[in-house]
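Chemist: Compact mmCIF, C-alpha atoms, file my_file_1.txt:
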```
# COMPACT_ATOMS: atom_id res chain seq x y z
CA MET A 1 -68.39 -47.49 42.58
CA SER A 2 -66.34 -50.44 43.78
CA PHE A 3 -68.43 -52.78 41.63
CA SER A 4 -67.65 -50.80 38.47
CA THR A 5 -63.98 -50.59 39.43
CA ALA A 6 -63.73 -54.36 39.84
CA LEU A 7 -65.77 -54.84 36.64
CA SER A 8 -63.24 -52.74 34.70
CA GLY A 9 -60.57 -55.05 36.11
CA LEU A 10 -62.49 -58.07 34.85
CA ASN A 11 -62.78 -56.48 31.41
CA ALA A 12 -59.07 -55.68 31.38
CA ALA A 13 -58.14 -59.23 32.39
CA THR A 14 -60.46 -60.57 29.70
CA ALA A 15 -58.86 -58.34 27.07
CA ASP A 16 -55.40 -59.48 28.20
CA LEU A 17 -56.50 -63.10 27.94
CA ASN A 18 -57.91 -62.48 24.45
CA VAL A 19 -54.69 -60.87 23.21
CA LYS A 20 -52.50 -63.63 24.62
CA SER A 21 -54.83 -66.32 23.27
CA ASN A 22 -54.62 -64.77 19.80
CA ASN A 23 -50.83 -64.73 20.03
CA ILE A 24 -50.74 -68.38 21.05
CA ALA A 25 -53.20 -69.35 18.31
CA ASN A 26 -50.87 -67.81 15.70
CA VAL A 27 -47.62 -69.24 17.02
CA ASN A 28 -47.18 -71.17 13.72
CA THR A 29 -48.47 -68.43 11.40
CA THR A 30 -45.73 -67.32 9.00
CA GLY A 31 -44.89 -63.63 9.36
CA PHE A 32 -47.27 -63.12 12.30
CA LYS A 33 -46.45 -60.30 14.72
CA ALA A 34 -47.49 -60.64 18.35
CA SER A 35 -49.60 -58.00 20.07
CA ARG A 36 -49.44 -56.63 23.60
CA ALA A 37 -52.36 -55.28 25.64
CA GLU A 38 -51.55 -51.90 27.20
CA PHE A 39 -53.68 -50.49 30.03
CA GLY A 40 -54.17 -47.18 31.75
CA ASP A 41 -55.68 -46.29 35.14
CA VAL A 42 -58.83 -44.17 35.46
CA PHE A 43 -59.24 -41.23 37.86
CA ALA A 44 -62.30 -39.08 38.34
CA THR A 45 -61.53 -35.40 37.81
CA SER A 46 -63.24 -32.16 38.78
CA ALA A 47 -64.69 -29.60 36.41
CA PHE A 48 -61.26 -28.00 36.22
CA GLY A 49 -59.60 -31.25 35.11
CA THR A 50 -57.89 -31.95 38.44
CA SER A 51 -58.38 -34.74 40.95
CA SER A 52 -58.46 -34.57 44.71
CA LYS A 53 -55.45 -35.73 46.73
CA THR A 54 -57.72 -38.22 48.39
CA ALA A 55 -59.35 -39.40 45.18
CA VAL A 56 -59.48 -43.14 44.68
CA GLY A 57 -58.97 -44.58 41.20
CA SER A 58 -61.98 -45.60 39.20
CA GLY A 59 -60.51 -48.70 37.62
CA VAL A 60 -58.57 -49.59 34.50
CA VAL A 61 -59.10 -49.09 30.78
CA LEU A 62 -57.61 -50.83 27.73
CA SER A 63 -55.46 -48.10 26.13
CA ASN A 64 -54.02 -49.94 23.15
CA VAL A 65 -53.29 -53.31 21.60
CA ALA A 66 -49.76 -52.63 20.36
CA GLN A 67 -48.21 -54.73 17.60
CA GLN A 68 -44.66 -55.93 18.21
CA PHE A 69 -42.59 -55.86 15.03
CA ASN A 70 -39.43 -57.49 16.36
CA GLN A 71 -37.74 -60.05 14.08
CA GLY A 72 -39.03 -63.62 14.04
CA ASN A 73 -36.78 -66.63 13.58
CA LEU A 74 -35.98 -67.94 10.08
CA GLU A 75 -37.14 -71.36 8.98
CA PHE A 76 -35.23 -72.61 5.93
CA THR A 77 -37.01 -74.41 3.09
CA ASP A 78 -36.17 -75.83 -0.36
CA ASN A 79 -38.36 -73.33 -2.25
CA SER A 80 -36.47 -70.41 -3.81
CA LEU A 81 -39.68 -68.33 -3.76
CA ASP A 82 -39.96 -68.63 0.02
CA LEU A 83 -38.59 -65.23 1.03
CA ALA A 84 -37.80 -63.69 4.39
CA ILE A 85 -36.71 -60.18 5.32
CA THR A 86 -33.83 -60.06 7.80
CA GLY A 87 -34.24 -56.60 9.25
CA GLU A 88 -36.80 -53.88 8.67
CA GLY A 89 -39.28 -53.69 5.83
CA PHE A 90 -42.43 -55.23 4.37
CA PHE A 91 -43.26 -56.93 1.09
CA ALA A 92 -45.65 -54.84 -1.01
CA MET A 93 -48.65 -56.74 -2.36
CA ALA A 94 -51.47 -55.89 -4.78
CA PRO A 95 -54.84 -57.68 -4.46
CA THR A 96 -55.25 -57.75 -8.26
CA GLU A 97 -52.88 -57.49 -11.20
CA ASP A 98 -53.82 -53.90 -12.12
CA SER A 99 -54.90 -52.66 -8.69
CA GLY A 100 -53.51 -49.44 -7.22
CA GLU A 101 -54.32 -50.69 -3.71
CA ILE A 102 -51.29 -51.89 -1.75
CA THR A 103 -51.11 -54.10 1.31
CA TYR A 104 -48.00 -54.98 3.27
CA THR A 105 -46.81 -58.24 4.79
CA ARG A 106 -43.83 -60.01 6.33
CA ALA A 107 -45.07 -63.42 5.20
CA GLY A 108 -42.99 -64.40 2.16
CA ALA A 109 -44.48 -67.77 1.18
CA PHE A 110 -44.85 -67.11 -2.55
CA GLY A 111 -45.72 -69.27 -5.53
CA ILE A 112 -46.70 -68.98 -9.19
CA ASN A 113 -50.29 -68.65 -10.42
CA LYS A 114 -51.61 -69.98 -13.73
CA ASP A 115 -50.53 -66.81 -15.58
CA GLY A 116 -46.96 -66.92 -14.30
CA PHE A 117 -47.32 -64.16 -11.70
CA VAL A 118 -45.66 -64.42 -8.29
CA VAL A 119 -48.45 -64.48 -5.67
CA ASN A 120 -49.02 -65.43 -2.04
CA SER A 121 -51.55 -67.96 -0.73
CA GLU A 122 -54.31 -65.33 -0.88
CA GLY A 123 -53.63 -64.65 -4.56
CA SER A 124 -52.16 -61.18 -3.93
CA PHE A 125 -49.44 -60.12 -6.38
CA LEU A 126 -45.87 -59.41 -5.27
CA ARG A 127 -44.80 -55.93 -6.41
CA THR A 128 -41.29 -55.44 -7.82
CA PHE A 129 -39.34 -52.64 -9.45
CA PRO A 130 -38.69 -53.11 -13.20
CA VAL A 131 -35.00 -53.64 -14.06
CA ASP A 132 -32.80 -53.35 -17.14
CA ALA A 133 -30.59 -56.11 -18.58
CA ASN A 134 -27.96 -55.39 -15.91
CA GLY A 135 -30.40 -55.57 -13.02
CA ASN A 136 -30.50 -51.80 -12.38
CA ILE A 137 -33.73 -50.00 -11.50
CA SER A 138 -34.65 -46.49 -12.60
CA ALA A 139 -37.09 -45.52 -9.82
CA THR A 140 -37.80 -46.64 -6.24
CA SER A 141 -41.25 -45.12 -5.74
CA MET A 142 -44.04 -47.53 -4.87
CA SER A 143 -46.01 -46.27 -7.89
CA ALA A 144 -43.22 -47.61 -10.13
CA ALA A 145 -43.53 -51.13 -8.68
CA LYS A 146 -45.48 -53.67 -10.71
CA PRO A 147 -46.60 -57.29 -10.24
CA LEU A 148 -43.86 -59.75 -11.18
CA GLN A 149 -44.52 -62.22 -14.00
CA LEU A 150 -42.05 -64.94 -14.93
CA PRO A 151 -40.97 -64.89 -18.58
CA SER A 152 -41.78 -67.59 -21.11
CA SER A 153 -40.43 -71.07 -20.56
CA GLN A 154 -37.81 -70.67 -23.29
CA GLY A 155 -34.79 -68.38 -23.29
CA ALA A 156 -33.67 -66.77 -26.55
CA PRO A 157 -30.41 -68.16 -28.00
CA GLU A 158 -27.32 -66.05 -28.57
CA PRO A 159 -24.92 -66.78 -31.44
CA THR A 160 -21.25 -67.46 -30.81
CA THR A 161 -18.86 -64.69 -31.76
CA GLU A 162 -15.67 -65.77 -30.01
CA LEU A 163 -13.93 -69.08 -29.40
CA LYS A 164 -10.80 -69.30 -27.28
CA ILE A 165 -8.60 -72.39 -27.40
CA ALA A 166 -5.34 -72.52 -25.46
CA THR A 167 -3.44 -75.74 -26.15
CA ASN A 168 -0.03 -77.16 -25.44
CA LEU A 169 1.45 -78.59 -28.67
CA PRO A 170 4.24 -81.09 -27.89
CA SER A 171 7.68 -79.70 -28.67
CA ASN A 172 8.92 -83.24 -29.39
CA ALA A 173 6.15 -83.94 -31.92
CA VAL A 174 7.38 -85.40 -35.23
CA ALA A 175 6.20 -83.71 -38.42
CA PRO A 176 4.28 -85.98 -40.84
CA ALA A 177 6.61 -87.26 -43.52
CA GLY A 178 6.85 -85.46 -46.84
CA GLY A 179 4.98 -82.31 -45.85
CA VAL A 180 1.57 -83.77 -46.79
CA PRO A 181 -1.46 -81.51 -46.41
CA ILE A 182 -3.81 -81.97 -43.48
CA ASP A 183 -6.49 -84.60 -44.15
CA PRO A 184 -9.01 -85.00 -41.28
CA PHE A 185 -9.66 -88.57 -42.48
CA ASP A 186 -5.96 -89.50 -42.38
CA PRO A 187 -4.60 -89.42 -38.80
CA THR A 188 -1.03 -89.68 -40.15
CA SER A 189 -1.36 -86.27 -41.82
CA TYR A 190 -1.73 -84.32 -38.56
CA ASN A 191 -0.48 -84.56 -35.01
CA ASN A 192 -3.39 -83.47 -32.81
CA SER A 193 -6.99 -82.23 -32.92
CA THR A 194 -9.64 -80.81 -30.62
CA SER A 195 -13.33 -79.94 -31.01
CA ALA A 196 -15.63 -77.21 -29.74
CA THR A 197 -19.35 -76.45 -30.01
CA VAL A 198 -20.56 -73.10 -31.37
CA TYR A 199 -24.12 -71.80 -31.65
CA ASP A 200 -25.94 -69.99 -34.46
CA SER A 201 -28.66 -67.33 -34.15
CA LEU A 202 -31.37 -70.00 -33.97
CA GLY A 203 -29.68 -71.83 -31.12
CA ASN A 204 -28.48 -74.77 -33.23
CA GLU A 205 -25.24 -76.43 -32.19
CA HIS A 206 -22.34 -76.86 -34.63
CA ILE A 207 -19.16 -78.79 -33.89
CA VAL A 208 -15.96 -77.29 -35.25
CA THR A 209 -12.79 -79.35 -35.12
CA THR A 210 -9.29 -77.88 -35.16
CA TYR A 211 -6.38 -79.92 -36.58
CA TYR A 212 -2.71 -79.21 -35.81
CA GLN A 213 0.23 -80.34 -37.99
CA ARG A 214 3.88 -79.98 -36.98
CA LEU A 215 6.15 -78.64 -39.76
CA ASP A 216 9.78 -79.57 -40.14
CA ALA A 217 12.27 -76.93 -41.19
CA ALA A 218 12.16 -78.07 -44.82
CA ASN A 219 8.39 -77.46 -45.10
CA ALA A 220 8.23 -74.33 -42.95
CA THR A 221 7.71 -70.84 -44.31
CA PRO A 222 10.27 -69.48 -44.76
CA VAL A 223 12.25 -72.68 -45.20
CA GLY A 224 14.48 -73.42 -42.22
CA THR A 225 12.13 -71.97 -39.61
CA ASP A 226 11.68 -73.99 -36.40
CA ASN A 227 8.72 -74.26 -34.02
CA GLN A 228 6.06 -73.86 -36.70
CA TRP A 229 2.68 -75.56 -37.04
CA ASN A 230 -0.15 -75.56 -39.58
CA MET A 231 -3.76 -75.40 -38.40
CA GLN A 232 -7.03 -76.05 -40.22
CA VAL A 233 -10.65 -75.91 -38.96
CA TYR A 234 -13.49 -78.10 -40.28
CA ILE A 235 -17.26 -78.31 -39.78
CA GLN A 236 -19.74 -81.04 -40.72
CA ALA A 237 -20.80 -80.65 -44.36
CA ALA A 238 -24.42 -81.26 -43.31
CA ASP A 239 -24.29 -77.96 -41.41
CA ILE A 240 -23.37 -76.00 -44.58
CA LYS A 241 -25.56 -75.28 -47.60
CA GLN A 242 -24.57 -77.37 -50.62
CA PRO A 243 -22.85 -76.99 -52.95
CA SER A 244 -20.20 -75.13 -51.02
CA THR A 245 -16.81 -73.60 -51.72
CA PRO A 246 -14.53 -75.19 -50.77
CA ALA A 247 -16.19 -78.48 -51.71
CA PRO A 248 -16.78 -81.08 -48.99
CA ILE A 249 -14.16 -83.74 -48.46
CA GLY A 250 -14.70 -87.36 -47.43
CA THR A 251 -17.71 -89.54 -48.10
CA ALA A 252 -21.30 -88.96 -47.03
CA PRO A 253 -22.65 -88.79 -44.40
CA ASN A 254 -19.37 -87.88 -42.69
CA GLN A 255 -18.21 -85.18 -45.09
CA LEU A 256 -16.45 -82.08 -43.79
CA VAL A 257 -16.09 -78.52 -45.06
CA GLN A 258 -13.05 -76.41 -44.26
CA LEU A 259 -13.67 -73.00 -42.69
CA GLY A 260 -11.08 -70.53 -43.96
CA GLY A 261 -7.68 -71.46 -45.23
CA THR A 262 -4.61 -72.82 -43.52
CA SER A 263 -3.25 -70.83 -40.60
CA THR A 264 0.39 -70.93 -39.54
CA ILE A 265 1.26 -70.87 -35.82
CA GLN A 266 4.74 -69.71 -34.85
CA PHE A 267 6.17 -70.30 -31.38
CA ASN A 268 9.18 -68.67 -29.73
CA ASN A 269 12.21 -70.57 -28.51
CA ASP A 270 10.85 -70.47 -24.96
CA GLY A 271 7.60 -72.19 -26.03
CA THR A 272 5.36 -69.12 -25.91
CA LEU A 273 3.08 -68.16 -28.77
CA ASP A 274 4.67 -65.74 -31.25
CA THR A 275 2.31 -65.19 -34.19
CA VAL A 276 -0.72 -66.68 -35.95
CA GLY A 277 -1.00 -65.93 -39.64
CA PRO A 278 -2.35 -64.76 -41.93
CA ALA A 279 -5.04 -63.48 -39.50
CA ASP A 280 -5.12 -63.24 -35.72
CA PRO A 281 -7.70 -64.09 -34.48
CA VAL A 282 -8.58 -66.67 -37.09
CA GLN A 283 -11.96 -65.82 -38.66
CA LEU A 284 -14.26 -68.82 -39.05
CA VAL A 285 -16.81 -67.48 -41.53
CA MET A 286 -20.11 -69.28 -42.05
CA ALA A 287 -21.59 -67.06 -44.77
CA GLY A 288 -21.76 -66.86 -48.53
CA THR A 289 -20.52 -70.13 -50.03
CA THR A 290 -20.27 -71.60 -46.52
CA ALA A 291 -23.62 -70.31 -45.24
CA LEU A 292 -25.38 -72.38 -42.59
CA ALA A 293 -27.97 -74.88 -43.81
CA SER A 294 -30.14 -74.25 -40.71
CA GLY A 295 -31.33 -70.94 -42.14
CA ALA A 296 -29.68 -69.04 -39.30
CA ALA A 297 -28.06 -65.67 -39.82
CA ASP A 298 -24.49 -65.51 -41.13
CA LEU A 299 -22.05 -66.45 -38.42
CA THR A 300 -18.43 -65.37 -37.94
CA VAL A 301 -16.50 -66.81 -35.03
CA ALA A 302 -13.17 -65.28 -33.99
CA LEU A 303 -10.83 -68.14 -33.00
CA ASN A 304 -8.31 -66.82 -30.46
CA LEU A 305 -5.24 -68.95 -29.67
CA ASN A 306 -3.76 -66.72 -26.94
CA GLY A 307 -2.23 -68.78 -24.15
CA SER A 308 -1.19 -71.64 -26.40
CA THR A 309 2.28 -73.08 -25.82
CA GLN A 310 4.79 -75.49 -27.32
CA ASN A 311 6.42 -77.31 -24.45
CA ALA A 312 7.63 -80.81 -23.66
CA GLY A 313 4.90 -83.20 -22.72
CA SER A 314 1.70 -84.43 -24.28
CA PHE A 315 -0.94 -82.50 -26.18
CA SER A 316 -3.44 -80.86 -23.85
CA VAL A 317 -6.20 -78.25 -23.94
CA GLY A 318 -5.54 -75.84 -21.10
CA ALA A 319 -8.57 -73.64 -21.76
CA LEU A 320 -11.53 -73.78 -24.09
CA THR A 321 -14.16 -71.07 -23.76
CA VAL A 322 -16.96 -70.14 -26.11
CA ASN A 323 -19.58 -67.44 -25.79
CA GLY A 324 -23.17 -67.69 -26.94
CA PHE A 325 -25.68 -70.30 -25.88
CA PRO A 326 -28.54 -72.38 -27.32
CA THR A 327 -32.25 -72.08 -26.67
CA GLY A 328 -32.90 -72.79 -23.00
CA ARG A 329 -35.88 -73.82 -20.91
CA LEU A 330 -36.77 -72.08 -17.67
CA THR A 331 -35.32 -74.10 -14.80
CA GLY A 332 -35.89 -71.87 -11.81
CA VAL A 333 -35.75 -68.49 -10.14
CA ASP A 334 -32.81 -67.09 -8.21
CA VAL A 335 -33.25 -64.30 -5.64
CA SER A 336 -30.18 -62.46 -4.32
CA ASP A 337 -29.93 -60.85 -0.90
CA ASP A 338 -30.54 -57.42 -2.44
CA GLY A 339 -33.87 -58.63 -3.83
CA LEU A 340 -32.83 -58.98 -7.49
CA ILE A 341 -34.81 -61.79 -9.12
CA ARG A 342 -33.26 -63.68 -12.04
CA ALA A 343 -34.89 -66.29 -14.25
CA THR A 344 -32.41 -69.13 -14.82
CA TYR A 345 -32.40 -71.30 -17.95
CA SER A 346 -30.96 -74.68 -18.86
CA ASN A 347 -28.48 -73.02 -21.24
CA GLY A 348 -26.79 -71.33 -18.29
CA ASN A 349 -28.32 -67.93 -18.95
CA ALA A 350 -29.73 -65.87 -16.05
CA ILE A 351 -31.94 -62.90 -16.91
CA PRO A 352 -32.87 -60.18 -14.35
CA ILE A 353 -36.67 -59.82 -14.34
CA GLY A 354 -37.36 -57.61 -11.33
CA LYS A 355 -36.23 -56.34 -7.95
CA ILE A 356 -38.36 -56.78 -4.85
CA ALA A 357 -39.95 -53.54 -3.66
CA LEU A 358 -39.67 -53.17 0.12
CA ALA A 359 -41.78 -50.76 2.18
CA ASN A 360 -41.37 -49.22 5.61
CA PHE A 361 -43.15 -46.68 7.79
CA ALA A 362 -42.18 -44.12 10.40
CA ASN A 363 -44.64 -45.73 12.84
CA PRO A 364 -45.36 -49.33 11.78
CA GLN A 365 -47.27 -50.01 15.03
CA ALA A 366 -50.03 -47.76 13.70
CA LEU A 367 -50.59 -49.89 10.58
CA ASN A 368 -54.11 -51.23 10.20
CA LYS A 369 -54.36 -55.02 10.59
CA ILE A 370 -56.58 -56.54 7.89
CA GLY A 371 -55.92 -60.23 8.53
CA ASN A 372 -53.88 -62.91 6.75
CA THR A 373 -50.75 -61.26 8.22
CA GLN A 374 -51.31 -58.18 6.07
CA TRP A 375 -51.47 -54.51 6.98
CA LYS A 376 -52.58 -51.26 5.38
CA GLU A 377 -51.20 -47.76 5.62
CA THR A 378 -52.93 -45.31 7.99
CA THR A 379 -52.60 -41.62 8.76
CA ASP A 380 -50.85 -42.41 12.04
CA SER A 381 -48.38 -44.82 10.41
CA GLY A 382 -47.09 -42.11 8.09
CA PRO A 383 -46.69 -42.43 4.31
CA VAL A 384 -45.00 -45.47 2.85
CA ILE A 385 -41.23 -45.35 2.33
CA ALA A 386 -40.20 -47.52 -0.63
CA GLY A 387 -36.71 -48.83 -1.32
CA GLU A 388 -34.39 -51.72 -2.15
CA ALA A 389 -33.24 -54.45 0.19
CA GLY A 390 -29.90 -53.75 1.82
CA THR A 391 -30.12 -49.96 1.40
CA GLY A 392 -30.91 -47.37 4.06
CA SER A 393 -32.84 -48.93 6.92
CA PHE A 394 -34.12 -51.85 4.86
CA GLY A 395 -33.08 -55.39 5.68
CA GLN A 396 -31.85 -58.02 3.25
CA ILE A 397 -33.77 -60.77 1.47
CA GLN A 398 -33.16 -64.40 2.41
CA SER A 399 -34.28 -66.77 -0.33
CA GLY A 400 -35.38 -70.27 0.62
CA ALA A 401 -36.50 -69.19 4.09
CA LEU A 402 -39.63 -68.01 5.90
CA GLU A 403 -39.90 -65.71 8.90
CA THR A 404 -41.79 -67.53 11.64
CA SER A 405 -44.12 -65.93 14.17
CA ASN A 406 -42.31 -63.77 16.73
CA VAL A 407 -44.54 -65.11 19.53
CA ASP A 408 -42.58 -66.26 22.61
CA LEU A 409 -44.75 -69.22 23.60
CA THR A 410 -43.26 -69.63 27.06
CA LYS A 411 -43.78 -65.97 27.86
CA GLU A 412 -47.35 -66.09 26.59
CA LEU A 413 -48.21 -69.16 28.70
CA VAL A 414 -46.86 -67.46 31.81
CA GLY A 415 -48.85 -64.37 30.83
CA LEU A 416 -52.01 -66.49 30.61
CA ILE A 417 -51.52 -67.58 34.22
CA THR A 418 -51.03 -63.98 35.29
CA ALA A 419 -54.15 -62.83 33.40
CA GLN A 420 -56.11 -65.67 34.97
CA ARG A 421 -54.95 -64.62 38.45
CA ASN A 422 -55.94 -61.03 37.68
CA PHE A 423 -59.37 -62.21 36.61
CA GLN A 424 -59.77 -64.26 39.80
CA ALA A 425 -58.62 -61.35 41.96
CA ASN A 426 -61.14 -58.97 40.38
CA SER A 427 -63.85 -61.60 40.75
CA LYS A 428 -62.95 -61.83 44.44
CA ALA A 429 -63.24 -58.04 44.73
CA ILE A 430 -66.77 -58.20 43.30
CA GLU A 431 -67.61 -61.05 45.67
CA THR A 432 -66.29 -59.05 48.65
CA ASN A 433 -68.22 -55.97 47.58
CA ASN A 434 -71.32 -58.07 47.25
CA THR A 435 -70.82 -59.47 50.77
CA ILE A 436 -70.39 -55.96 52.22
CA THR A 437 -73.45 -54.70 50.36
CA GLN A 438 -75.51 -57.65 51.57
CA THR A 439 -74.38 -57.01 55.15
CA ILE A 440 -75.54 -53.39 54.90
CA ILE A 441 -78.89 -54.46 53.46
CA ASN A 442 -79.38 -56.96 56.31
CA ILE A 443 -78.90 -54.31 59.02
CA ARG A 444 -82.13 -54.08 61.00
```
Once more with this new file: its structure as structure tokens, please.

Modeler:
Amino acid sequence: MSFSTALSGLNAATADLNVKSNNIANVNTTGFKASRAEFGDVFATSAFGTSSKTAVGSGVVLSNVAQQFNQGNLEFTDNSLDLAITGEGFFAMAPTEDSGEITYTRAGAFGINKDGFVVNSEGSFLRTFPVDANGNISATSMSAAKPLQLPSSQGAPEPTTELKIATNLPSNAVAPAGGVPIDPFDPTSYNNSTSATVYDSLGNEHIVTTYYQRLDAANATPVGTDNQWNMQVYIQAADIKQPSTPAPIGTAPNQLVQLGGTSTIQFNNDGTLDTVGPADPVQLVMAGTTALASGAADLTVALNLNGSTQNAGSFSVGALTVNGFPTGRLTGVDVSDDGLIRATYSNGNAIPIGKIALANFANPQALNKIGNTQWKETTDSGPVIAGEAGTGSFGQIQSGALETSNVDLTKELVGLITAQRNFQANSKAIETNNTITQTIINIR
């Protein structure tokens, strides 16, 4: 009896050593969760399930190897697809692109495979919820989650529809003599100019230049009006189909075509903008006789001058904003703390492409370990609970970081010494039992 009791102690010490050795071996494994050996004592019982008051224990048994899902430290990297969960939750992975099987992991070292899918080092596919153009998801069930594939390397262009230019036109500017019309090739016919870039439906860039001419009271409309300016907008003639109306001015290859007619800007006595006529905003129409030579769709840009002033000082552009953007190349991936993934392009556009699906369980310690820091759902773990990062009990996503192993190396090394002592003590018990048994055998 005493031999088997001591032998159970040896087995328990060996199991404890194995568990601690496995923890130590995985101290640098990303997303690894340490385990703990749990033991129970053994008592012999009668037929009625009770034990005598004088019963001696029959040894020890390994009850469970419990996984410890406490948070590991974060190690920051330069890779935006290195992801860590700060708080509860698991990444959901699929072994193949169209597989319904799901595994779960805390290891977020992801990369891109040859087909543009986000995968881990084992080739498993990261599952994400589909999103609309605003980054909103329609369902949070795990069945709605799909493998994430990065879009093509080029982002679609968007044509310009609005151009805002807020300038300060000098109040002490002198009107060109004789009320001459604006001539972009004659700097004496205007006071100031500024340029902006607009984009057509094919992503081509077009430079439009705005010219400002101060009017004296004799040339103002009506005559005698102060604080009035003329404005004209021109584009390169090469950008417009030829022949065009109005006809290009200047000499090739630097010819220009005027967009629209002459606009009149009226300021108040305090320097604020009063009116812009005959149309506000000014419509820069690139259609019909001024259609774009690039073959792009007709383009109309609304030129808004709100915020312009006429004050003392030099000419300045206080604000110049233009919507639309050219064709862009994929430059990277941005992941927010709520798990929304955006593809970023060189044209400044960022397109939502998915939202990371997180999973949790009522009893995560009952998950089945399958290796490579991955787990599977079991009956005892309870069904999977899917959701978004930062909602409910789910933690947030940290991009550019990895969760390290939660193994406390110092604690494990001390535990190794304790397990070794336990093994030695049980070995001594067997040795003592053997000595006693030998003594009995030697009795004559």

Chemist: Quick one: residues within 10 Å of (-7.6, -68.6, -23.3) (file frame), counting only C-alpha atoms, please, as a ChimeraX atom specification.

Modeler: /A:163-167,304-308,317-322

Chemist: Looking at all atoms listed in the file, which of A:Gly123, A:Gly415, A:Gly332, A:Gly135 is the one that sits closest to Asp16 of chain A?

Modeler: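 Using all atoms listed in the file, the shortest distance to Asp16 of chain A belongs to A:Gly415.
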
Chemist: What does the structure give for the distance between atom CA of Ser4 of chain A and atom CA of Gly59 of chain A, in Å to one decimal?

Modeler: 7.5 Å

Chemist: Select, from A:Leu259, A:Leu150, A:Ala302, A:Ala238, the residue with the minimum atom-to-atom distance to Ala279 of chain A, counting all atoms listed in the file.

Modeler: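 Among the listed residues, the smallest separation from Ala279 of chain A belongs to A:Ala302.
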
Chemist: Skip Asn73 of chain A itself and residues of its chain fewer than 5 positions away, then list as a ChimeraX atom specification all residues within 8 Å of it, counting all atoms listed in the file.

Modeler: /A:403-406

Chemist: By how many Å are atom CA of Leu126 of chain A and atom CA of Tyr345 of chain A apart?

Modeler: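 The value is 22.0 Å.
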
Chemist: Residues within 7 Å of Ala362 of chain A, please, as a list in words. Count only C-alpha atoms; anything in the same chain fewer than 2 positions from it doesn't count.

Modeler: Pro364, Ser381 and Gly382 of chain A

Chemist: Find the spatial neighbours of Gln228 of chain A, counting all atoms listed in the file, within a cut-off of 9 Å - ignore same-chain residues fewer than 5 positions away - and output them as a PyMOL selection string.

Modeler: chain A and resi 213-217+220-221+264-267

Chemist: What does the distance between atom CA of Thr105 of chain A and atom CA of Ile137 of chain A come to in Å, to one decimal place?

Modeler: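 Atom CA of Ile137 of chain A lies at a distance of 22.5 Å from atom CA of Thr105 of chain A.
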
Chemist: Rank nothing, just name the residue among A:Ser80, A:Ser99, A:Ser141, A:Thr197 nearest to Phe125 of chain A, using only C-alpha atoms.

Modeler: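 Closest to Phe125 of chain A of all the choices is A:Ser99.
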